[in-house]
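Worksheet: the structure to be examined is printed underneath.
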Amino acid sequence: MCGIVGIISDKPVAGEIYDSLIQLQHRGQDAAGIITCNERMHFKTGQGLVRDIFQERHMKRLEGNMGIGHTRYPTSGGKTGNDEVQPFWTSVPNGIAFAHNGNIVNYAELRSDVINNRNRYLNTHSDSEMLMQLFADILQQCLGNNLSSKTPDSTFFNALCFTGSELFNLTQGAASAVSIIKDRGLIAFRDPHGLRPLVMGERTSSDSTAPGRKEYIFASEDTMFYMLGFKRVRDVIPGEIIFISCNGEIHSRVVAQKSFTPCIFEYVYFSRPDAMINNISVYRSRLRMGENLGKKWKREFGELRPDVIIPAPSTSNTMALAMARELGVNYSEGLHKNTFIGRTFIMPDQEQRKQSVRYKLVPQELEIRNKDVMIVDDSIVRGTTSKEIVMMLKEFGAEKIYFTSACSPVVAPCFYGVDIPTSEELIASTQSVDEICTYLGVDLLMYQDIEDLIEAVMRKGDHHIDIPCYACLGGSYVHEE
Ligand code: SF4
């Protein structure tokens, strides 16, 4: 997963793209970049956190009233290479900049097509650069070199729609993307399954010479909209292309439709709780996950009543709160999280992950000693973090430890942009619940049932989801259907 944002405005956008990336930092802490455009493209990319990459001198150089940004979480291509940092850009056929969230499953085949048949140069092994070159090549075939402002917007948009439809036909996998094209405007699109999120917002321009004109933002989450004065309009529809021209006109069309299967992990873990994704509140969905988990506990272990429910912070705070309410048990933040240390799931290196748990979680002895403690975690991926949490609880005098996961067992890798690379790394793919219980050293282990997890996501909200993707939890991969 990564975070993407694109803004088109009547005033310079670099500062607002920076602010947006700060709000999307949780979606990727490996690297980040911004490209803006006026008469030419201006860019700054780097590795690390957004606040460390962009200095005042960089921001001054990022001129232009439209731009895109990206926070990177490494999936395809090199894990740490600076060349892989998005946004990418190409000068052929015009200035095109591109930021992508997702993963293209048939990358190898398309890479060969792009290099050998389309004579395009690829500078990296990133599927996102390949996708941009494919996009640029199809668009060039439609329009020749006429991407300039002389070509009417309607002609340009028809070419864009053809390009999008071809792109969706050729590619398998997940692709939410934002792009800017010099002299033309901002483009946003989402793959026909809508695997990764993309939300649109608008606000009225403060430019007195263009009264009522709209400015637009597209982002992986709507968490920065309020802060920047944008109103949430809607999610980009799966298979839809949206084009905002440089004079602020909006054009949109759905060019491909398949089953709508957004990633369930966005609700379990990735998205910020205050985000509204696919018209479903992430926070409310997590409350429902906790409620469903509590109901299952009552059904299966009703006679066992913990003294305290403690979340494995911080995504699961919401789930643990709802579970505590459901069971009528005290909720306690008995593990304090130092928020200035990165989330372990998105640290690429296993050793780093192991070392970091004790650095970022501090047990509170008064909340733990001589108590039967129930831990609520959002998910158990490799099991290493969970095991360390259990060891800490024992060291701090817990009597009994019950471990619950708001997500069902993670049993298979993700091919759509989430770093769950091999089944061997997933504890639930090789071990039974009893074996994992023994490995963790807990008195009881309980996972959410997949039906209850899906129900928690889909119960409320004016959404059009057919069924969320849960391929890594034992469901089918949509690109194989
Ligand atoms: Fe999300 Fe899992 Fe589907 Fe990947 S396989 S898109 S992580 S639900």
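How things are named: the first chain in the structure tokens is A, the next is B, and so on; residues count from 1 in each chain; ligands count from 1 in the order shown.
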
As an NGL selection string, please: the residues near Leu321 (chain A) (cut-off 10 Å, only C-alpha atoms, same-chain neighbours under 6 positions excluded). :A and (286-287 or 290-291 or 309-311 or 329-333 or 376)

Do you know which residues are at most 12 Å from Ile277 (chain A) counting only C-alpha atoms, after dropping those on the same chain fewer than 2 positions away, and could you put them as a PyMOL selection string? chain A and resi 194-200+219-223+232-237+262-267+270-275+279-285+457-458+461-465

Find the residues near region 244-260 of chain A: any atom within 8 Å, counting only C-alpha atoms, skip ones fewer than 3 places away on the same chain, and give them as a ChimeraX atom specification. /A:8,153,157,161-162,164-165,168,183-187,192-195,213-216,237-241,464-468

Could you save those same residues with N, CA and C atoms as a PDB file, in the first residue's frame?
```pdb
ATOM      1  N   ILE A   8      -5.500  20.105  -8.117  1.00  0.00           N
ATOM      2  CA  ILE A   8      -5.481  21.148  -9.153  1.00  0.00           C
ATOM      3  C   ILE A   8      -6.240  22.342  -8.591  1.00  0.00           C
ATOM      4  N   ASP A 153     -10.673  19.842 -25.136  1.00  0.00           N
ATOM      5  CA  ASP A 153     -10.762  18.966 -23.962  1.00  0.00           C
ATOM      6  C   ASP A 153     -11.572  17.707 -24.264  1.00  0.00           C
ATOM      7  N   PHE A 157     -10.261  14.083 -23.775  1.00  0.00           N
ATOM      8  CA  PHE A 157     -10.879  13.174 -22.805  1.00  0.00           C
ATOM      9  C   PHE A 157     -11.281  11.847 -23.471  1.00  0.00           C
ATOM     10  N   CYS A 161     -10.112   8.206 -22.257  1.00  0.00           N
ATOM     11  CA  CYS A 161     -11.011   7.084 -21.951  1.00  0.00           C
ATOM     12  C   CYS A 161     -10.584   5.838 -22.717  1.00  0.00           C
ATOM     13  N   PHE A 162     -10.206   6.026 -23.995  1.00  0.00           N
ATOM     14  CA  PHE A 162      -9.713   4.887 -24.763  1.00  0.00           C
ATOM     15  C   PHE A 162      -8.455   4.322 -24.090  1.00  0.00           C
ATOM     16  N   GLY A 164      -7.576   4.541 -20.938  1.00  0.00           N
ATOM     17  CA  GLY A 164      -7.932   3.860 -19.697  1.00  0.00           C
ATOM     18  C   GLY A 164      -8.512   2.488 -19.959  1.00  0.00           C
ATOM     19  N   SER A 165      -9.389   2.415 -20.941  1.00  0.00           N
ATOM     20  CA  SER A 165     -10.018   1.129 -21.239  1.00  0.00           C
ATOM     21  C   SER A 165      -8.973   0.103 -21.709  1.00  0.00           C
ATOM     22  N   PHE A 168      -6.885  -0.948 -18.664  1.00  0.00           N
ATOM     23  CA  PHE A 168      -7.601  -1.897 -17.805  1.00  0.00           C
ATOM     24  C   PHE A 168      -7.672  -3.280 -18.448  1.00  0.00           C
ATOM     25  N   ASP A 183      -0.066  21.329 -19.478  1.00  0.00           N
ATOM     26  CA  ASP A 183      -1.024  22.096 -20.302  1.00  0.00           C
ATOM     27  C   ASP A 183      -2.409  21.466 -20.394  1.00  0.00           C
ATOM     28  N   ARG A 184      -2.618  20.288 -19.786  1.00  0.00           N
ATOM     29  CA  ARG A 184      -3.918  19.629 -19.919  1.00  0.00           C
ATOM     30  C   ARG A 184      -4.669  19.582 -18.590  1.00  0.00           C
ATOM     31  N   GLY A 185      -4.061  19.034 -17.554  1.00  0.00           N
ATOM     32  CA  GLY A 185      -4.765  18.980 -16.276  1.00  0.00           C
ATOM     33  C   GLY A 185      -4.414  17.758 -15.449  1.00  0.00           C
ATOM     34  N   LEU A 186      -5.333  17.436 -14.550  1.00  0.00           N
ATOM     35  CA  LEU A 186      -5.134  16.349 -13.576  1.00  0.00           C
ATOM     36  C   LEU A 186      -6.045  15.172 -13.940  1.00  0.00           C
ATOM     37  N   ILE A 187      -5.506  13.984 -13.836  1.00  0.00           N
ATOM     38  CA  ILE A 187      -6.268  12.770 -14.167  1.00  0.00           C
ATOM     39  C   ILE A 187      -6.238  11.844 -12.962  1.00  0.00           C
ATOM     40  N   PRO A 192     -10.756  -1.578 -12.376  1.00  0.00           N
ATOM     41  CA  PRO A 192     -12.174  -1.984 -12.425  1.00  0.00           C
ATOM     42  C   PRO A 192     -12.659  -2.762 -11.195  1.00  0.00           C
ATOM     43  N   HIS A 193     -11.758  -3.323 -10.391  1.00  0.00           N
ATOM     44  CA  HIS A 193     -12.178  -3.983  -9.148  1.00  0.00           C
ATOM     45  C   HIS A 193     -12.134  -3.024  -7.952  1.00  0.00           C
ATOM     46  N   GLY A 194     -11.563  -1.859  -8.134  1.00  0.00           N
ATOM     47  CA  GLY A 194     -11.489  -0.872  -7.043  1.00  0.00           C
ATOM     48  C   GLY A 194     -10.735  -1.393  -5.835  1.00  0.00           C
ATOM     49  N   LEU A 195      -9.649  -2.126  -6.096  1.00  0.00           N
ATOM     50  CA  LEU A 195      -8.944  -2.773  -4.978  1.00  0.00           C
ATOM     51  C   LEU A 195      -8.362  -1.771  -3.989  1.00  0.00           C
ATOM     52  N   ARG A 213     -15.557  28.962  -9.501  1.00  0.00           N
ATOM     53  CA  ARG A 213     -14.746  27.885 -10.087  1.00  0.00           C
ATOM     54  C   ARG A 213     -14.334  26.886  -9.008  1.00  0.00           C
ATOM     55  N   LYS A 214     -14.295  25.615  -9.380  1.00  0.00           N
ATOM     56  CA  LYS A 214     -13.972  24.558  -8.418  1.00  0.00           C
ATOM     57  C   LYS A 214     -12.499  24.162  -8.499  1.00  0.00           C
ATOM     58  N   GLU A 215     -11.985  23.764  -7.344  1.00  0.00           N
ATOM     59  CA  GLU A 215     -10.649  23.169  -7.275  1.00  0.00           C
ATOM     60  C   GLU A 215     -10.838  21.739  -6.765  1.00  0.00           C
ATOM     61  N   TYR A 216      -9.945  20.839  -7.165  1.00  0.00           N
ATOM     62  CA  TYR A 216     -10.176  19.418  -6.875  1.00  0.00           C
ATOM     63  C   TYR A 216      -8.970  18.754  -6.222  1.00  0.00           C
ATOM     64  N   ILE A 237     -15.109   5.806  -8.895  1.00  0.00           N
ATOM     65  CA  ILE A 237     -15.788   4.522  -9.125  1.00  0.00           C
ATOM     66  C   ILE A 237     -14.789   3.546  -9.769  1.00  0.00           C
ATOM     67  N   PRO A 238     -14.840   2.268  -9.408  1.00  0.00           N
ATOM     68  CA  PRO A 238     -13.949   1.305 -10.072  1.00  0.00           C
ATOM     69  C   PRO A 238     -14.124   1.372 -11.595  1.00  0.00           C
ATOM     70  N   GLY A 239     -13.003   1.411 -12.301  1.00  0.00           N
ATOM     71  CA  GLY A 239     -13.046   1.479 -13.763  1.00  0.00           C
ATOM     72  C   GLY A 239     -13.330   2.875 -14.304  1.00  0.00           C
ATOM     73  N   GLU A 240     -13.277   3.888 -13.451  1.00  0.00           N
ATOM     74  CA  GLU A 240     -13.599   5.253 -13.878  1.00  0.00           C
ATOM     75  C   GLU A 240     -12.333   6.067 -14.162  1.00  0.00           C
ATOM     76  N   ILE A 241     -12.443   6.940 -15.185  1.00  0.00           N
ATOM     77  CA  ILE A 241     -11.388   7.921 -15.482  1.00  0.00           C
ATOM     78  C   ILE A 241     -11.986   9.296 -15.207  1.00  0.00           C
ATOM     79  N   HIS A 464     -21.445   0.223  -2.644  1.00  0.00           N
ATOM     80  CA  HIS A 464     -21.833  -0.679  -3.732  1.00  0.00           C
ATOM     81  C   HIS A 464     -20.867  -1.850  -3.833  1.00  0.00           C
ATOM     82  N   ILE A 465     -20.254  -2.200  -2.724  1.00  0.00           N
ATOM     83  CA  ILE A 465     -19.285  -3.298  -2.727  1.00  0.00           C
ATOM     84  C   ILE A 465     -20.014  -4.620  -2.985  1.00  0.00           C
ATOM     85  N   ASP A 466     -19.487  -5.408  -3.927  1.00  0.00           N
ATOM     86  CA  ASP A 466     -20.050  -6.759  -4.120  1.00  0.00           C
ATOM     87  C   ASP A 466     -19.603  -7.649  -2.969  1.00  0.00           C
ATOM     88  N   ILE A 467     -18.305  -7.722  -2.789  1.00  0.00           N
ATOM     89  CA  ILE A 467     -17.722  -8.389  -1.612  1.00  0.00           C
ATOM     90  C   ILE A 467     -16.278  -7.888  -1.516  1.00  0.00           C
ATOM     91  N   PRO A 468     -15.797  -7.586  -0.314  1.00  0.00           N
ATOM     92  CA  PRO A 468     -14.407  -7.125  -0.251  1.00  0.00           C
ATOM     93  C   PRO A 468     -13.437  -8.237  -0.676  1.00  0.00           C
TER      94      PRO A 468
END
```

Hey, what does DSSP flag as alpha helix (DSSP H) within region 259-423 of chain A? Can you give it to me as a compact mmCIF listing (two decimals) with C-alpha atoms, in the first residue's frame?
```txt
# COMPACT_ATOMS: atom_id res chain seq x y z
CA PHE A 265 -7.28 -4.89 4.98
CA VAL A 282 -13.26 2.92 8.84
CA TYR A 283 -13.81 3.77 12.51
CA ARG A 284 -17.35 2.39 12.57
CA SER A 285 -16.27 -0.77 10.70
CA ARG A 286 -13.62 -1.36 13.38
CA LEU A 287 -16.21 -0.89 16.11
CA ARG A 288 -18.34 -3.54 14.40
CA MET A 289 -15.32 -5.86 14.18
CA GLY A 290 -14.89 -5.55 17.96
CA GLU A 291 -18.59 -6.08 18.52
CA ASN A 292 -18.59 -9.24 16.35
CA LEU A 293 -15.48 -10.52 18.07
CA GLY A 294 -17.15 -10.01 21.45
CA LYS A 295 -20.23 -11.91 20.30
CA LYS A 296 -18.09 -14.82 19.18
CA TRP A 297 -16.31 -14.85 22.55
CA LYS A 298 -19.67 -14.98 24.34
CA ARG A 299 -20.81 -17.86 22.12
CA GLU A 300 -17.65 -19.90 22.53
CA PHE A 301 -16.11 -18.92 25.85
CA ASN A 317 -7.91 0.46 20.07
CA THR A 318 -11.28 0.89 18.39
CA MET A 319 -11.91 -2.85 18.10
CA ALA A 320 -10.92 -3.45 21.73
CA LEU A 321 -13.20 -0.65 22.92
CA ALA A 322 -16.21 -2.21 21.17
CA MET A 323 -15.32 -5.69 22.41
CA ALA A 324 -15.03 -4.41 25.99
CA ARG A 325 -18.49 -2.83 25.66
CA GLU A 326 -19.91 -6.06 24.24
CA LEU A 327 -18.47 -8.14 27.11
CA GLN A 350 12.45 -8.76 9.92
CA GLU A 351 15.21 -8.06 12.42
CA GLN A 352 14.18 -4.41 12.68
CA ARG A 353 10.64 -5.56 13.35
CA LYS A 354 11.64 -7.89 16.17
CA GLN A 355 13.74 -5.28 17.87
CA SER A 356 11.23 -2.50 17.63
CA VAL A 357 8.33 -3.97 19.67
CA ARG A 358 9.88 -3.33 23.08
CA TYR A 359 11.02 0.09 21.97
CA LYS A 360 7.61 1.27 21.02
CA GLU A 365 2.21 -2.79 35.37
CA LEU A 366 -0.82 -1.60 37.35
CA GLU A 367 -3.08 -2.54 34.44
CA ILE A 368 -1.57 -6.01 34.04
CA THR A 384 6.49 -12.24 16.03
CA THR A 385 4.98 -9.03 17.39
CA SER A 386 2.16 -10.94 19.13
CA LYS A 387 4.67 -13.27 20.80
CA GLU A 388 6.72 -10.36 22.13
CA ILE A 389 3.60 -8.69 23.50
CA VAL A 390 2.73 -11.90 25.34
CA MET A 391 6.24 -12.15 26.77
CA MET A 392 6.00 -8.56 28.02
CA LEU A 393 2.64 -9.24 29.67
CA LYS A 394 4.10 -12.25 31.45
CA GLU A 395 7.07 -10.22 32.63
```

Exercise answer, 10 Å around ligand 1 with only C-alpha atoms and all ligand atoms, as number ranges by chain: A: 1, 102-103, 173-174, 194-196, 261-270, 410-420, 468-478

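CA of Gly441 (chain A) is found 14.1 Å from CA of Asp372 (chain A).
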
So that I can see what lies close to region 85-100 of chain A, please list as a PyMOL selection string the residues with an atom at most 6 Å from it, counting only C-alpha atoms and leaving out residues fewer than 3 positions away in the same chain. chain A and resi 33+70+82+128+145+176-182

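Note that CA of Val381 (chain A) and CA of Glu425 (chain A) are 8.0 Å apart.
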
Can you list, as a PyMOL selection string, every protein, DNA or RNA residue that comes within 9 Å of Val50 (chain A) when you count only C-alpha atoms, leaving out same-chain residues fewer than 6 positions away? chain A and resi 18+21-22+25+29+31-33+71

Using N, CA, C and O atoms, can you export the residues from the last selection as a PDB file, in the first residue's frame?
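Below is the file out_23.pdb, written as the result:
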```
ATOM      1  N   TYR A  18       2.219  18.672   0.240  1.00  0.00           N
ATOM      2  CA  TYR A  18       3.057  18.300   1.392  1.00  0.00           C
ATOM      3  C   TYR A  18       2.176  17.976   2.605  1.00  0.00           C
ATOM      4  O   TYR A  18       2.343  16.936   3.255  1.00  0.00           O
ATOM      5  N   LEU A  21       0.534  14.680   2.197  1.00  0.00           N
ATOM      6  CA  LEU A  21       1.433  13.530   2.392  1.00  0.00           C
ATOM      7  C   LEU A  21       1.675  13.261   3.874  1.00  0.00           C
ATOM      8  O   LEU A  21       1.815  12.113   4.297  1.00  0.00           O
ATOM      9  N   ILE A  22       1.727  14.338   4.653  1.00  0.00           N
ATOM     10  CA  ILE A  22       1.850  14.158   6.112  1.00  0.00           C
ATOM     11  C   ILE A  22       0.649  13.350   6.619  1.00  0.00           C
ATOM     12  O   ILE A  22       0.793  12.439   7.455  1.00  0.00           O
ATOM     13  N   GLN A  25       1.052   9.677   5.722  1.00  0.00           N
ATOM     14  CA  GLN A  25       2.330   9.086   6.112  1.00  0.00           C
ATOM     15  C   GLN A  25       2.181   7.642   6.595  1.00  0.00           C
ATOM     16  O   GLN A  25       3.058   6.800   6.375  1.00  0.00           O
ATOM     17  N   GLN A  29       6.194   4.718   4.793  1.00  0.00           N
ATOM     18  CA  GLN A  29       7.222   5.524   5.457  1.00  0.00           C
ATOM     19  C   GLN A  29       8.598   5.327   4.835  1.00  0.00           C
ATOM     20  O   GLN A  29       9.598   5.738   5.391  1.00  0.00           O
ATOM     21  N   ALA A  31       9.592   6.200   1.545  1.00  0.00           N
ATOM     22  CA  ALA A  31      10.053   7.286   0.674  1.00  0.00           C
ATOM     23  C   ALA A  31       8.849   8.132   0.291  1.00  0.00           C
ATOM     24  O   ALA A  31       7.704   7.725   0.512  1.00  0.00           O
ATOM     25  N   ALA A  32       9.125   9.292  -0.279  1.00  0.00           N
ATOM     26  CA  ALA A  32       8.012  10.161  -0.712  1.00  0.00           C
ATOM     27  C   ALA A  32       8.496  11.089  -1.808  1.00  0.00           C
ATOM     28  O   ALA A  32       9.704  11.300  -1.981  1.00  0.00           O
ATOM     29  N   GLY A  33       7.542  11.638  -2.552  1.00  0.00           N
ATOM     30  CA  GLY A  33       7.899  12.568  -3.611  1.00  0.00           C
ATOM     31  C   GLY A  33       6.738  13.458  -3.993  1.00  0.00           C
ATOM     32  O   GLY A  33       5.573  13.138  -3.736  1.00  0.00           O
ATOM     33  N   THR A  71       3.467   8.733  -1.034  1.00  0.00           N
ATOM     34  CA  THR A  71       4.258   8.175   0.071  1.00  0.00           C
ATOM     35  C   THR A  71       4.424   6.694  -0.226  1.00  0.00           C
ATOM     36  O   THR A  71       3.456   6.003  -0.538  1.00  0.00           O
TER      37      THR A  71
END
```

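Coordinates place CA of Gly69 (chain A) at a distance of 14.3 Å from CA of Gly48 (chain A).
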
Please provide as number ranges by chain all residues within 8 Å of Val362 (chain A), with the sequence filter that same-chain residues fewer than 6 positions apart are discarded (counting only C-alpha atoms). A: 335-338

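Closest approach to Ala175 (chain A) from the set A:Ser205, A:Leu160, A:Asp113, A:Leu131 is made by A:Leu131, with distances taken over only C-alpha atoms.
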
Extract the full set of strand (DSSP E or B) residues from region 96-171 of chain A according to DSSP on the backbone, and format it as a PyMOL selection string. chain A and resi 96-104

Selection above as a file: N, CA, C and O atoms, as a PDB file, in the first residue's frame:
```pdb
ATOM      1  N   ILE A  96       4.355  14.186 -18.574  1.00  0.00           N
ATOM      2  CA  ILE A  96       3.362  13.395 -17.827  1.00  0.00           C
ATOM      3  C   ILE A  96       4.005  12.949 -16.518  1.00  0.00           C
ATOM      4  O   ILE A  96       5.076  12.336 -16.523  1.00  0.00           O
ATOM      5  N   ALA A  97       3.356  13.252 -15.401  1.00  0.00           N
ATOM      6  CA  ALA A  97       3.814  12.749 -14.097  1.00  0.00           C
ATOM      7  C   ALA A  97       2.756  11.792 -13.562  1.00  0.00           C
ATOM      8  O   ALA A  97       1.556  11.965 -13.839  1.00  0.00           O
ATOM      9  N   PHE A  98       3.175  10.809 -12.767  1.00  0.00           N
ATOM     10  CA  PHE A  98       2.298   9.688 -12.469  1.00  0.00           C
ATOM     11  C   PHE A  98       2.599   9.130 -11.082  1.00  0.00           C
ATOM     12  O   PHE A  98       3.765   8.896 -10.743  1.00  0.00           O
ATOM     13  N   ALA A  99       1.566   8.941 -10.279  1.00  0.00           N
ATOM     14  CA  ALA A  99       1.732   8.307  -8.955  1.00  0.00           C
ATOM     15  C   ALA A  99       0.706   7.190  -8.828  1.00  0.00           C
ATOM     16  O   ALA A  99      -0.479   7.393  -9.116  1.00  0.00           O
ATOM     17  N   HIS A 100       1.146   6.036  -8.393  1.00  0.00           N
ATOM     18  CA  HIS A 100       0.332   4.818  -8.432  1.00  0.00           C
ATOM     19  C   HIS A 100       0.319   4.139  -7.072  1.00  0.00           C
ATOM     20  O   HIS A 100       1.361   4.029  -6.421  1.00  0.00           O
ATOM     21  N   ASN A 101      -0.839   3.676  -6.665  1.00  0.00           N
ATOM     22  CA  ASN A 101      -0.964   2.832  -5.470  1.00  0.00           C
ATOM     23  C   ASN A 101      -1.551   1.508  -5.913  1.00  0.00           C
ATOM     24  O   ASN A 101      -2.637   1.475  -6.497  1.00  0.00           O
ATOM     25  N   GLY A 102      -0.849   0.424  -5.630  1.00  0.00           N
ATOM     26  CA  GLY A 102      -1.333  -0.899  -6.033  1.00  0.00           C
ATOM     27  C   GLY A 102      -0.182  -1.745  -6.533  1.00  0.00           C
ATOM     28  O   GLY A 102       0.985  -1.451  -6.247  1.00  0.00           O
ATOM     29  N   ASN A 103      -0.506  -2.765  -7.281  1.00  0.00           N
ATOM     30  CA  ASN A 103       0.529  -3.633  -7.835  1.00  0.00           C
ATOM     31  C   ASN A 103      -0.008  -4.312  -9.090  1.00  0.00           C
ATOM     32  O   ASN A 103      -1.138  -4.793  -9.102  1.00  0.00           O
ATOM     33  N   ILE A 104       0.803  -4.299 -10.136  1.00  0.00           N
ATOM     34  CA  ILE A 104       0.396  -4.923 -11.399  1.00  0.00           C
ATOM     35  C   ILE A 104       0.913  -6.356 -11.408  1.00  0.00           C
ATOM     36  O   ILE A 104       2.118  -6.615 -11.387  1.00  0.00           O
TER      37      ILE A 104
END
```

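Residues lying within 12 Å of Arg120 (chain A), counting only C-alpha atoms and ignoring same-chain neighbours fewer than 5 positions away, are A:Thr90, A:Ser91, A:Val92, A:Pro93, A:Leu110, A:Arg111, A:Ser112, A:Asp113, A:Val114, A:Ile115, A:Glu129, A:Met130, A:Leu131, A:Met132, A:Gln133, A:Leu134, A:Phe135, A:Ala136, A:Asp137, A:Ile138, A:Gln140.
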